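Here is the structure we will look at.
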Amino acid sequence: MPKVSIVIPVYNVGEYLKTCLDSVVNQTLEDIEIICINDGSTDNSLSILEEFAKKDNRIKLISKPNSGYGHTMNLGFKESQGDYIGIVEPDDYVSLDMYETLFKSALKHDVDFIKADFCRFEGEGETIKFSYVNLSKDTSYYNRLITLQKEMESFNFVMNTWSGIYKRDFIEEYKIQHNESPGASFQDNGFWFQTFSLATKIYFLNKPFYLKRKDNPNSSVLSKEKVFAMCEEYEFIRKFLDNNPKIKENQELKNKLIGIYQKIRFGNYLVTLNRIDKKFRKMFLKRFHEDYTIALKNQELNKSLFTKKAWYFLQLIINNPNRFNREYFTLLYIFKKIKLEKVFNFLYIAKKSKGNPKKIYNTLKASSEKIKLLKRLKN
C-alpha cells in the first residue's frame with residue numbers, strides 16, 4: 001500500500017503538464033501512487049500522460065469522457081489506496097520534498113489533514129515571479145495540533161485544497177466528496193468546507209511546498225459567464241450542513257458553522273460580482289439579495305464575523321441593492337484611482353523637481369491631502 005496517493009485531474013493542459021508530472025514523479029517520498037485522470041482532453045494531454053505512464057509504474061492512468069472537475073476528483077479519490085491523499089492541479093507543480101515532509105508530520109501527529117503555506121507564480125524561465133502566501137497571518141496557528149471545533153478561526157485561513165494531504169480513512173468515514181455539478185467551477189469550495197467542518201485534528205506548516213500558477217488564461221474560474229456557479233456550490237455546502245449526521249446531532253456546532261458559511265459565502269459572492277461580465281451583474285445581484293434576505297429571516301447572520309465595511313455592504317444588499325450597486329463599484333473605482341494617483345503623482349513630481357529629493361518630498365507631502373480625501377471616501 002502506498003503512503004500517499006496523489007490525484008491529478010487533467011483537462012487540456014498540455015502546455016504545463018510535463019512540468020507538473022516531473023515534480024510529482026521525482027518526489028523524495030518514493031512510496032506513492034500517482035492517479036492521473038484524463039477528463040476528455042482534446043489537446044496533447046493524454047499523449048503526455050501515456051508517455052509518463054510507460055516510464056513509471058506508479059502512475060495509474062484513467063481516461064474518460066469529459067464530466068467535469070467534481071466527478072473527476074471523486075473518481076480519483078475512490079481509486080486511491082494510500083494512507084493519505086494529495087491533490088495537484090495539472091498547471092501547477094510542487095517542491096520535490098513536499099509529500100515526504102507532509103507525510104512524516106501527518107503520521108507523527110496522526111492528523112485528519114495537514115496543510116502548508118504555498119507560493120503563487122507567473123511567467124516562465126528568467127521572467128518567473130513568485131509570491132509567498134501564508135495560510136494564516138497569525139503564526140501561533142502553525143506547527144501545533146489544532147482542534148477545529150474549538151479553534152474555528154481556522155476557517156479564516158486562505159482557502160485551498162491542494163497545499164496539503166488528507167487521511168484517506170477520514171475522507172471515507174465521512175463520505176467527503178466534491179460537488180459533481182457538470183461544467184461548474186469552484187467545486188473545491190465544498191470539499192474544503194467539509195474537511196474543515198468534520199476534522200478533529202489538523203496541522204499547519206509555515207513552509208511553502210506547492211507552486212500555484214496565476215497566469216493560465218484557460219483556467220475555468222476566469223470564465224466571465226459562469227454567473228451562478230458559486231451559488232450552486234454554496235447550495236451544495238448548505239445541503240451538507242443540513243444533512244450530515246455528525247453536524248445534525250450537534251446543534252451548537254451547526255449554528256456556528258452556518259454563521260461561518262454565510263460569512264464565507266458573502267465574500268465569494270462579492271468575488272463573483274467582480275469577476276462576471278458587467279451585463280450579468282444586475283441578475284447576480286438579484287440572487288445575492290434574495291439569498292441573504294432569506295439568511296436574515298432565518299437568523300443566520302452573525303455580525304461579529306464580519307468587518308464593519310462588509311456588514312455595511314451586506315445590509316445594503318439586503319435592504320437597498322440598487323444603492324449597493326452604485327456605492328460598491330464607485331468605491332472600487334476610487335481605490336484604483338488612489339493607486340494611479342500615487343504612481344502618476346510621483347512620476348510628475350520627480351520630473352518637475354528635477355530629481356531633487358527634498359523638493360520631491362515636500363511636494364508629495366503637500367499633494368497627499370487629495371489622496372487622504374479619497375481614502376476617507378473609500379473607508
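Please note that chains go A, B, ... in the order of the C-alpha cells, that every chain numbers its residues from 1, and that ligands are numbered from 1 in the order shown.
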
Identify, on the basis of only C-alpha atoms, every residue whose closest approach to A:Phe193 does not exceed 9 Å; exclude the query and any residue fewer than 4 positions from it along the same chain; express the result as an MDAnalysis selection string. chainID A and resid 155 159 188:189 197:198 237 261

Counting only C-alpha atoms, which residues in stretch 164-276 of chain A sit no more than 12 Å from stretch 22-36 of chain A? For each one, give the nearest pair of atoms and the distance in Å, sorted by chain then residue number, as JSON lines.
{"residue": "A:Phe209", "atom": "CA", "partner": "A:Ser23", "partner_atom": "CA", "distance": 10.9}
{"residue": "A:Tyr210", "atom": "CA", "partner": "A:Ser23", "partner_atom": "CA", "distance": 10.3}
{"residue": "A:Leu211", "atom": "CA", "partner": "A:Ser23", "partner_atom": "CA", "distance": 10.3}

Of A:Ile202, A:Met152, A:Ile128, A:Val111, the one nearest to A:Asp169 when counting only C-alpha atoms is A:Val111

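Rounded to one decimal, atom CA of A:Ser5 and atom CA of A:Leu17 lie 18.1 Å from each other.
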
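Neighbours of A:Lys207 closer than or equal to 10 Å, with only C-alpha atoms counted and sequence neighbours fewer than 5 positions away skipped, come out as A:Met98, A:Lys115, A:Ala116, A:Asp117, A:Phe118, A:Cys119, A:Tyr132, A:Val133, A:Asn134, A:Leu135, A:Tyr142.
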
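Each of A:Phe228, A:Tyr69, A:Phe306, A:Tyr16 was checked against A:Pro182 using only C-alpha atoms; the smallest atom-to-atom distance is that of A:Tyr69.
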
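Residues within 10 Å of A:Thr195, counting only C-alpha atoms and excluding same-chain residues fewer than 6 positions away, are Asp112, Phe113, Thr161, Tyr166, Phe170, Ile171, Tyr174, Ile176, Gln177 and Ile202 of chain A.
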
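Proximity to A:Cys20 was assessed for A:Glu126, A:Asp91, A:Glu153, A:Asp97 counting only C-alpha atoms; the smallest distance is recorded for A:Asp91.
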
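When only C-alpha atoms are used to compute distances to A:Pro2, the closest of the residues A:Arg58, A:Lys167, A:Lys308, A:Lys286 turns out to be A:Arg58.
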
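Minimum distance to A:Ser136 across A:Asn250, A:Asn206, A:Thr293, A:Asn319 (counting only C-alpha atoms) occurs at A:Asn206.
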
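Summary of the local environment: counting only C-alpha atoms, residues at most 9 Å from A:Leu241, other than itself and those fewer than 4 positions away along its chain, are A:Gln194, A:Ser197, A:Phe236, A:Ile237, A:Ile247, A:Lys248, A:Lys254, A:Leu257, A:Ile258.
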
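Here atom CA of A:Asn268 stands at a distance of 7.3 Å from atom CA of A:Met230.
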